[in-house]
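Below is one structure, written out as structure tokens; comments come after it.
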4 protein chains.
Amino acid sequence: MVQPFPSRTLSPCERHDNYMKALVYRGPEKKQLEDMPKPTLRDSTDAVVRMTKPTICGTALHILKGDLPTVAAGRILGHEGIGVIDEVGTGVSRFRKGDRVLISCITACGKCDYCRRGMPSHCESGGWILGNTIDGTQAEFVRIPFADTSLYLVPENADEDAMVMLSDILPTGYECGVLNGCVKPGDTVAIIGAGPVGLSALLTTQFYAPAKLIVIDLDDNRLKVAKQFGATEVINSTDGNAVEKVMALTAGKGVDVAIEAVGMAATFGLCQEIIGAGGHIANIGVHGASVTLHLEKLWSQNVTITTRLVDAVTTPLLLKTVMAGKLQPKQLITHHFALADILKAYDTFGNAGRERALKVILTNEYHGNDWGVKGR
Amino acid sequence: MVQPFPSRTLSPCERHDNYMKALVYRGPEKKQLEDMPKPTLRDSTDAVVRMTKPTICGTALHILKGDLPTVAAGRILGHEGIGVIDEVGTGVSRFRKGDRVLISCITACGKCDYCRRGMPSHCESGGWILGNTIDGTQAEFVRIPFADTSLYLVPENADEDAMVMLSDILPTGYECGVLNGCVKPGDTVAIIGAGPVGLSALLTTQFYAPAKLIVIDLDDNRLKVAKQFGATEVINSTDGNAVEKVMALTAGKGVDVAIEAVGMAATFGLCQEIIGAGGHIANIGVHGASVTLHLEKLWSQNVTITTRLVDAVTTPLLLKTVMAGKLQPKQLITHHFALADILKAYDTFGNAGRERALKVILTNEYHGNDWGVKGR
Amino acid sequence: MVQPFPSRTLSPCERHDNYMKALVYRGPEKKQLEDMPKPTLRDSTDAVVRMTKPTICGTALHILKGDLPTVAAGRILGHEGIGVIDEVGTGVSRFRKGDRVLISCITACGKCDYCRRGMPSHCESGGWILGNTIDGTQAEFVRIPFADTSLYLVPENADEDAMVMLSDILPTGYECGVLNGCVKPGDTVAIIGAGPVGLSALLTTQFYAPAKLIVIDLDDNRLKVAKQFGATEVINSTDGNAVEKVMALTAGKGVDVAIEAVGMAATFGLCQEIIGAGGHIANIGVHGASVTLHLEKLWSQNVTITTRLVDAVTTPLLLKTVMAGKLQPKQLITHHFALADILKAYDTFGNAGRERALKVILTNEYHGNDWGVKGR
Amino acid sequence: MVQPFPSRTLSPCERHDNYMKALVYRGPEKKQLEDMPKPTLRDSTDAVVRMTKPTICGTALHILKGDLPTVAAGRILGHEGIGVIDEVGTGVSRFRKGDRVLISCITACGKCDYCRRGMPSHCESGGWILGNTIDGTQAEFVRIPFADTSLYLVPENADEDAMVMLSDILPTGYECGVLNGCVKPGDTVAIIGAGPVGLSALLTTQFYAPAKLIVIDLDDNRLKVAKQFGATEVINSTDGNAVEKVMALTAGKGVDVAIEAVGMAATFGLCQEIIGAGGHIANIGVHGASVTLHLEKLWSQNVTITTRLVDAVTTPLLLKTVMAGKLQPKQLITHHFALADILKAYDTFGNAGRERALKVILTNEYHGNDWGVKGR
């Protein structure tokens, strides 16, 4: 078979300081660990970060299916992780070389209307660009635009693995699910989908002392994890009786908040069936197709339906809750791999059910430019 | 043709004090002005109100099409109007015989969980019941359950016609459209549908000083009215270019708030096409069928979609704005008829386009039980 | 010494079914356990409740000092407790004889403007009237006006002692302290005063996952309790260094929320010294004198100061959190007494420091009218 | 008399391009129009703006009294105005030479915690610094730090005089008074103080359709202006009967919102006397001394008291309302002067009562460096 995209893995003798290892998207179903040019500063507000711990997000699987046309072949994937500042532009005032930083999945210019409205997900020159329209974090180094407003200092005594969860999935579960769902103490909350993002919603929903926390999924293992993470009830919806069970748990009134963490018509439909009058449906899932909205029933039900691309504006708040021990995101991590083994990591993550995988942490075992010397 | 529903209009000699004139639904496409028993107190919290000014709501047209199965044949229609207290139960403490009152379209027990959450639209023993599951206001008299929490005193110097608009359409436009849409000063707001409820949203949206107020409809006369009522731009969507025009008016960003005041898949679809990132779609329309929700586009657009059956909890607030001259609801009234001519009033209202009709006020010219004496 | 207030304790032979034991305020520093007429229904919306568990509130101590002139001599004290419905008026629809009920400290008519605005503390015909302007709950029976909107059904499997805490102190701590203070996840919260109400604020603040919870008091025992209840830091302010210590804990920025649960000028002053820019000072304390507000410093600090007489509108929410095990109010109870020993209970409660007393539960061991027969 | 501060007015032959005219604070009661060095870029995020229209703020009078110790002798005063970009640093991306800009009184770095919480009034490296800790706008040129987040583009067809009102007083009245006061449609609002800021609150309060708008002041002329600006009632409080009059206007209930726009103990005291249960007291005034807070009365009144240094985060919103004609700030301007006549302008502004002065616009009639040539 012809290889449509030239691999750029260098022979040891070609290697030098300006190259690094990176996971590169080479078109649908194609990804490779390649030697790529090490990123350099482009704008004065940029930083270059040496990754210490990248991770893999479910979005990567969508990209690899070819679902996201904004991602061009040749792109280094990844929008999460922590690292150490390697270099900063002259316009960066809040970080300097050597600072340990958390990379936000959302790049925020801090100046445009959207950023100033607290909605950097739609930043005019940022938003979700890492591993999408610019090179991402599954590499030894990454260039971060608008570093001052897109990075966070990792506190001294922070657990690094826990921090990685703050790049994307915790703010996503919290902002798109919990905050948009307006969870209050005493509420009955249903979370549809117990993947990493649904579980992040499950963890952060507990900031607000809901009375009932129902988690619905097709995978018994994930439901078992959900129980450990604080679900008060779990429902395997394989048998098609989820609506009936939720109604039994809520005296026929339906739930106060339904959080959709899957991204399919069926799960969004389930939310509509179980939502109570006055309730909130908070969509987190990435949808590839339209869904049916039953306004003939819902028009009079005083419901609120929200969508959101995470803004990651709650990262400082979440950081404080993690440091205070109110949130233990480390529980979301099931596997660790060396960055060199990222393809294995993708295999594990891509077969999450079989592998019982949630989040997979990668460790960049390459040490700056000395790895080239070692002829790997 | 056989008359399937027996008329109950009495001959003059049969008339007596316990009967009254009322507009009765007799099944799909059937309505009659009939002699019906005058309502009496049933519960201690009831009041009987002698109607002075009922009106006709668009919902009546839905009922007459047979769209609302909760409405049984034999039901007196109507859920709006003002009148004078004729009798109160022993449990009524806030009103007494002779008080001039505004009837809320929503009956609120004031005690159930929904009422106490500020959502009497879903009151366990009330809600929208007038002219639906119990007899309504298009009659000489009406029984109002939970009078203390379902009626409002009409201030001394209030304009009666203006007050009638507070029974339903103004709180509906305000609560379901404006409040749920979270209109703020400086916003760009689009209202789809310039019928009485859309125009009520148009009037009350101006409480919040939006910068642009775009009204979209198919009827040029209604758009002309919308302009008079404060629309800054009007769009006749007959040519299918409404989306394009809205985008031109918003520098391609879409609107901050889209208020759906029609209740059709096409108009709800239009809202989805013109809503900007971070925007609110506030549905007011009564929908008879499901719609397509484009989550494949909207999942990342940070939009909020709301539905609501009016709770009429803002009636005191609206009353204050009317009395202060901040709101002139009288402009919504285009026609007046005697209650005796209610069938003509229905004709006019049912041909709103041709008749250039918005709200139609009925006047109860019958004077208590003396009308029977006069042999009408 | 002359007894200025005639005692009404009956001799056994005078006793009969229409009398009951009650704790009666007889003017400053005077209280007695007396035989008082058993209350009867007065309005159709009344209920008479046979008390099973009353309790004593700090307000009683204020009354006994003569601080509350609205309380006349001869008044039965108490505005908290649970009991069993003995009789209901014809206008009561939500309760019937035999129902186990929680008595709210706030009586709500459910109809006036204040009630409908969610502020029944200022109800035109209710508010805090029990044990204040009408007879209260430290008795065998109590008449509850507006029973439908002033009582709550005690769930089947509820712990009775825990329920008693929901009459007043938990909604007070939650509404006046936590909700008014706008506590958010990650916040630094200081609570000044670790009495029962301050501790109620401490418990319910944890609904919102604050990062730091500093409790300040003069009593080491209460601070020890605060630690057990979830305080992350405690400060004994006897040495006058509380401000310095809070500043050290907050990197000199001050706290996000300061909850005043004492009611003195000094403690309110402390709140002003430790509040950070943009922070909230939520006053719970009952103040007998004016305080100095340092606007010369605070005018530019973007602070919010709130006061509130509890509305008890969150009782249903709190009930759900208790039933779900998210809140364990039973920890607030340190002592139990029989109602017959209420004077001893007052002694204990009045010497809270020495007795290490928080809340004191009374048990009504009299069984309806059979006690008369027994000649007590 | 000895001149304690050396004047730096140059003789024509000494003048050159690097000097400009500026109003300089020379210690209490001392101010001069002097030749000062033209500002230059210091940081990459700076802009230098050629002022076209500065103005004078009441704060200047406080400074001249010596009330603000942060302002050192030698400081160029002024924190308001519009101008044209003369030069931008390399880090400025949103503006370029020649852009007409509105200068915000609040300088926002856009990066610190406060800025990202929407509270740039407390920006770690900005806030209110212009004419305070760095040189201000009452000059031919001014250096603006963090230009991208501290300036706004003036729309093409905007009225320049109107724009000047957006630098400070309109956001101040709106944010500190109206938004903090939570004004709602139908509310009764009292504004204490009809100076430029009180009138700005008066104008922007009308965004929310209050039913009653009571303005209280000691100056009949200002009250007349208030009437023209939309007050429904005005009260001259000279006779000490203001409380009585407000109570008469509110059926003894007090107002929903009291906005303090003076900054004195007496006026803040008045707010406490007229506030209704559940009401909001929004302080705008700059206070030089502490006030008495009547917690012995207010503890149970469910009131909210707010303070705020303007954040100017609503400038974009206000700009939209001005451009849409919903707000006519030009009415606030009573006098125009040439910048060369700024001392006269100060005289007029400092005798506002006698001169019937509100805002005073200055026009920079100097044209860049050519004025030096003309020997002025």
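Ordered as shown in the structure tokens, chains take letters A, B, and onward, while each chain numbers its residues from 1 and ligands are numbered from 1 in the order shown.
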
So which residues touch segment 289-302 of chain A within 10 Å, counting only C-alpha atoms, skipping near sequence neighbours fewer than 6 positions away, as a PyMOL selection string? (chain A and resi 263-269+272-273+275-280) or (chain B and resi 119+121-122+176+180+263-265+268+283-299+306-311)

Do a neighbour search on Lys359 of chain C at 7 Å with only C-alpha atoms, toss out local chain neighbours closer than 3 positions, and write the hits as a ChimeraX atom specification. /C:196,332-335

Tell me which protein, DNA and RNA residues are within 6 Å of His79 of chain C, counting only C-alpha atoms, leaving out same-chain ones fewer than 4 positions away, and put them as a PyMOL selection string. chain C and resi 105+130-131+136-137

As a short mmCIF file (atom, residue, chain, number, x, y, z; two decimals) with N, CA and C atoms, in the first residue's frame, please: every residue in segment 123-328 of chain B that DSSP puts in strand (DSSP E).
```cif
data_model
loop_
_atom_site.label_atom_id
_atom_site.label_comp_id
_atom_site.auth_asym_id
_atom_site.auth_seq_id
_atom_site.Cartn_x
_atom_site.Cartn_y
_atom_site.Cartn_z
N PHE B 141 -70.34 35.34 33.69
CA PHE B 141 -69.75 35.07 35.00
C PHE B 141 -68.73 33.95 34.87
N VAL B 142 -67.79 33.94 35.77
CA VAL B 142 -66.82 32.85 35.79
C VAL B 142 -66.45 32.55 37.24
N ARG B 143 -66.25 31.27 37.50
CA ARG B 143 -65.78 30.87 38.83
C ARG B 143 -64.25 30.82 38.79
N ILE B 144 -63.59 31.49 39.72
CA ILE B 144 -62.13 31.50 39.78
C ILE B 144 -61.68 30.78 41.04
N LEU B 151 -56.19 36.32 41.23
CA LEU B 151 -56.79 37.59 40.81
C LEU B 151 -55.91 38.75 41.28
N TYR B 152 -56.05 39.87 40.61
CA TYR B 152 -55.35 41.09 41.03
C TYR B 152 -56.34 42.24 41.05
N LEU B 153 -56.22 43.07 42.06
CA LEU B 153 -57.08 44.24 42.15
C LEU B 153 -56.72 45.22 41.03
N THR B 188 -28.96 42.99 20.54
CA THR B 188 -29.71 42.86 19.30
C THR B 188 -30.69 41.71 19.48
N VAL B 189 -31.97 42.05 19.35
CA VAL B 189 -33.04 41.07 19.60
C VAL B 189 -33.85 40.88 18.34
N ALA B 190 -34.12 39.63 17.99
CA ALA B 190 -35.03 39.35 16.87
C ALA B 190 -36.28 38.70 17.42
N ILE B 191 -37.42 39.17 16.98
CA ILE B 191 -38.69 38.56 17.36
C ILE B 191 -39.31 37.99 16.10
N ILE B 192 -39.58 36.68 16.14
CA ILE B 192 -40.14 36.03 14.96
C ILE B 192 -41.64 35.89 15.21
N LYS B 212 -30.87 47.01 19.00
CA LYS B 212 -31.56 46.67 17.74
C LYS B 212 -32.70 45.71 18.03
N LEU B 213 -33.84 45.99 17.44
CA LEU B 213 -35.04 45.19 17.65
C LEU B 213 -35.60 44.83 16.29
N ILE B 214 -35.28 43.63 15.85
CA ILE B 214 -35.67 43.19 14.51
C ILE B 214 -36.93 42.34 14.63
N VAL B 215 -37.97 42.69 13.88
CA VAL B 215 -39.18 41.87 13.89
C VAL B 215 -39.36 41.24 12.51
N ILE B 216 -39.65 39.94 12.53
CA ILE B 216 -39.77 39.17 11.28
C ILE B 216 -41.18 38.58 11.21
N ASP B 217 -41.85 38.76 10.10
CA ASP B 217 -43.20 38.21 9.92
C ASP B 217 -43.45 38.09 8.41
N GLU B 233 -35.97 47.45 13.03
CA GLU B 233 -35.88 46.88 11.69
C GLU B 233 -37.00 45.86 11.55
N VAL B 234 -37.62 45.80 10.39
CA VAL B 234 -38.61 44.74 10.15
C VAL B 234 -38.23 44.00 8.88
N ILE B 235 -38.50 42.71 8.89
CA ILE B 235 -38.15 41.86 7.75
C ILE B 235 -39.36 41.02 7.38
N ASN B 236 -39.78 41.13 6.14
CA ASN B 236 -40.82 40.22 5.64
C ASN B 236 -40.09 38.99 5.12
N VAL B 255 -27.80 37.30 16.21
CA VAL B 255 -28.44 38.11 17.26
C VAL B 255 -28.10 37.58 18.65
N ASP B 256 -28.28 38.44 19.64
CA ASP B 256 -28.08 38.03 21.03
C ASP B 256 -29.27 37.23 21.54
N VAL B 257 -30.46 37.62 21.10
CA VAL B 257 -31.68 36.96 21.57
C VAL B 257 -32.62 36.76 20.39
N ALA B 258 -33.14 35.55 20.24
CA ALA B 258 -34.17 35.28 19.23
C ALA B 258 -35.40 34.78 19.96
N ILE B 259 -36.51 35.48 19.76
CA ILE B 259 -37.76 35.13 20.43
C ILE B 259 -38.71 34.53 19.41
N GLU B 260 -39.08 33.28 19.63
CA GLU B 260 -39.96 32.57 18.70
C GLU B 260 -41.39 32.76 19.18
N ILE B 275 -29.10 32.86 15.46
CA ILE B 275 -28.61 33.09 16.82
C ILE B 275 -27.09 33.18 16.83
N GLY B 276 -26.57 34.14 17.53
CA GLY B 276 -25.13 34.31 17.64
C GLY B 276 -24.55 33.43 18.75
N ALA B 277 -23.24 33.28 18.75
CA ALA B 277 -22.57 32.52 19.82
C ALA B 277 -22.89 33.17 21.16
N GLY B 278 -23.26 32.34 22.12
CA GLY B 278 -23.61 32.87 23.43
C GLY B 278 -25.04 33.39 23.52
N GLY B 279 -25.80 33.21 22.45
CA GLY B 279 -27.15 33.79 22.41
C GLY B 279 -28.23 32.94 23.05
N HIS B 280 -29.41 33.53 23.14
CA HIS B 280 -30.57 32.89 23.77
C HIS B 280 -31.71 32.76 22.77
N ILE B 281 -32.25 31.57 22.64
CA ILE B 281 -33.49 31.37 21.87
C ILE B 281 -34.60 31.15 22.88
N ALA B 282 -35.56 32.07 22.91
CA ALA B 282 -36.65 31.97 23.87
C ALA B 282 -37.92 31.60 23.11
N ASN B 283 -38.39 30.40 23.33
CA ASN B 283 -39.59 29.95 22.63
C ASN B 283 -40.85 30.40 23.37
N VAL B 291 -39.48 19.53 16.26
CA VAL B 291 -38.66 20.32 15.34
C VAL B 291 -37.27 19.70 15.27
N THR B 292 -36.50 20.12 14.30
CA THR B 292 -35.12 19.64 14.19
C THR B 292 -34.21 20.62 14.92
N LEU B 293 -33.39 20.07 15.81
CA LEU B 293 -32.43 20.91 16.54
C LEU B 293 -31.04 20.61 15.99
N THR B 304 -28.48 29.06 24.64
CA THR B 304 -29.47 28.65 25.63
C THR B 304 -30.84 28.69 24.95
N ILE B 305 -31.57 27.61 25.06
CA ILE B 305 -32.91 27.52 24.47
C ILE B 305 -33.89 27.33 25.63
N THR B 306 -34.91 28.15 25.66
CA THR B 306 -35.87 28.02 26.76
C THR B 306 -37.28 27.84 26.24
#
```

Give me, as a PyMOL selection string, all polymer residues having an atom no more than 7 Å from Thr107 of chain D, counting only C-alpha atoms and skipping those fewer than 3 positions away in the same chain. chain D and resi 104+126-129+145-146+150

Distance criterion (only C-alpha atoms): nearest to Thr55 of chain D out of D:Val322, D:Val84, D:Val197, D:Leu77: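 When distances to Thr55 of chain D are compared using only C-alpha atoms, the smallest one comes from D:Leu77.
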
For Gly110 of chain D, please output as a list in words all residues within 7 Å (counting only C-alpha atoms; exclusion window: fewer than 6 positions along the same chain). Gly110 of chain A; Arg116 and Thr149 of chain D

Keeping only N, CA and C atoms, write those residues as a compact mmCIF listing (two decimals), in the first residue's frame.
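And here's result12.txt as it stands now:
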```txt
# COMPACT_ATOMS: atom_id res chain seq x y z
N GLY A 110 -7.69 37.37 25.46
CA GLY A 110 -7.93 38.27 26.59
C GLY A 110 -8.37 39.67 26.19
N ARG D 116 -9.72 39.20 35.18
CA ARG D 116 -10.41 38.03 34.63
C ARG D 116 -11.68 37.71 35.40
N THR D 149 -6.77 46.84 26.18
CA THR D 149 -7.87 46.55 27.09
C THR D 149 -8.31 47.77 27.89
```

Per residue of chain D within 9 Å of chain A, what are the shortest atom pair and its distance in Å to one decimal, counting only C-alpha atoms, with rows by chain and residue number, as a tab-separated table?
```
residue	atom	partner	partner_atom	distance
D:Ser44	CA	A:Gly91	CA	7.1
D:Thr45	CA	A:Gly91	CA	7.9
D:Thr90	CA	A:Ser44	CA	8.5
D:Gly91	CA	A:Gly91	CA	6.3
D:Arg94	CA	A:Lys111	CA	8.3
D:Gly110	CA	A:Gly110	CA	6.0
D:Lys111	CA	A:Thr149	CA	6.0
D:Cys112	CA	A:Arg94	CA	8.7
D:Asp113	CA	A:Pro316	CA	8.6
D:Arg116	CA	A:Gly118	CA	8.0
D:Arg117	CA	A:Gly118	CA	8.7
D:Gly118	CA	A:Arg116	CA	8.0
D:Asp148	CA	A:Lys111	CA	6.5
D:Thr149	CA	A:Lys111	CA	6.0
D:Val313	CA	A:Arg116	CA	8.3
D:Pro316	CA	A:Asp113	CA	8.6
```

Saved selection, atoms kept: C-alpha atoms, as an mmCIF file, in the first residue's frame:
```cif
data_model
loop_
_atom_site.group_PDB
_atom_site.id
_atom_site.type_symbol
_atom_site.label_atom_id
_atom_site.label_comp_id
_atom_site.auth_asym_id
_atom_site.auth_seq_id
_atom_site.Cartn_x
_atom_site.Cartn_y
_atom_site.Cartn_z
ATOM 1 C CA SER D 44 5.139 47.429 24.504
ATOM 2 C CA THR D 45 1.445 47.434 25.476
ATOM 3 C CA THR D 90 4.657 46.575 19.523
ATOM 4 C CA GLY D 91 2.373 44.632 21.815
ATOM 5 C CA ARG D 94 -6.196 46.291 18.367
ATOM 6 C CA GLY D 110 -6.621 41.992 31.131
ATOM 7 C CA LYS D 111 -4.479 39.250 32.660
ATOM 8 C CA CYS D 112 -4.605 39.405 36.438
ATOM 9 C CA ASP D 113 -7.161 37.596 38.581
ATOM 10 C CA ARG D 116 -10.407 38.034 34.633
ATOM 11 C CA ARG D 117 -13.082 38.130 37.335
ATOM 12 C CA GLY D 118 -14.510 41.218 35.625
ATOM 13 C CA ASP D 148 -5.750 47.056 23.988
ATOM 14 C CA THR D 149 -7.870 46.554 27.086
ATOM 15 C CA VAL D 313 -16.699 46.666 32.058
ATOM 16 C CA PRO D 316 -19.143 48.283 25.218
#
```

For Met165 of chain C, work out the shell of residues within 10 Å, counting only C-alpha atoms and skipping chain neighbours fewer than 3 positions away, then give it as a list in words.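 These residues fall inside the cut-off: Thr55, Glu80, Gly81, Ile82, Leu102, Glu160, Asp161, Ala162, Asp168, Ile169, Leu170, Pro171, Pro196, Ser200, Gln328, Pro329, Lys330, Gln331, Leu332, Ile333, Lys359 and Ile361 of chain C.
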
Measure the distance from atom CA of Arg50 of chain B to atom CA of Ala357 of chain B in Å and round it to one decimal. 26.1 Å

Run DSSP on the backbone of this structure and report the residues of segment 71-233 of chain D it assigns to helix (DSSP H, G or I), as a ChimeraX atom specification. /D:113-116,120-122,147-150,160-164,169-179,196-208,220-228

With only C-alpha atoms as the counted atoms, please give the residues lying no more than 10 Å from Tyr346 of chain B, apart from itself and same-chain residues fewer than 3 positions off, as an NGL selection string. :B and (31 or 55-57 or 60-61 or 337 or 341-343 or 349-352 or 360)
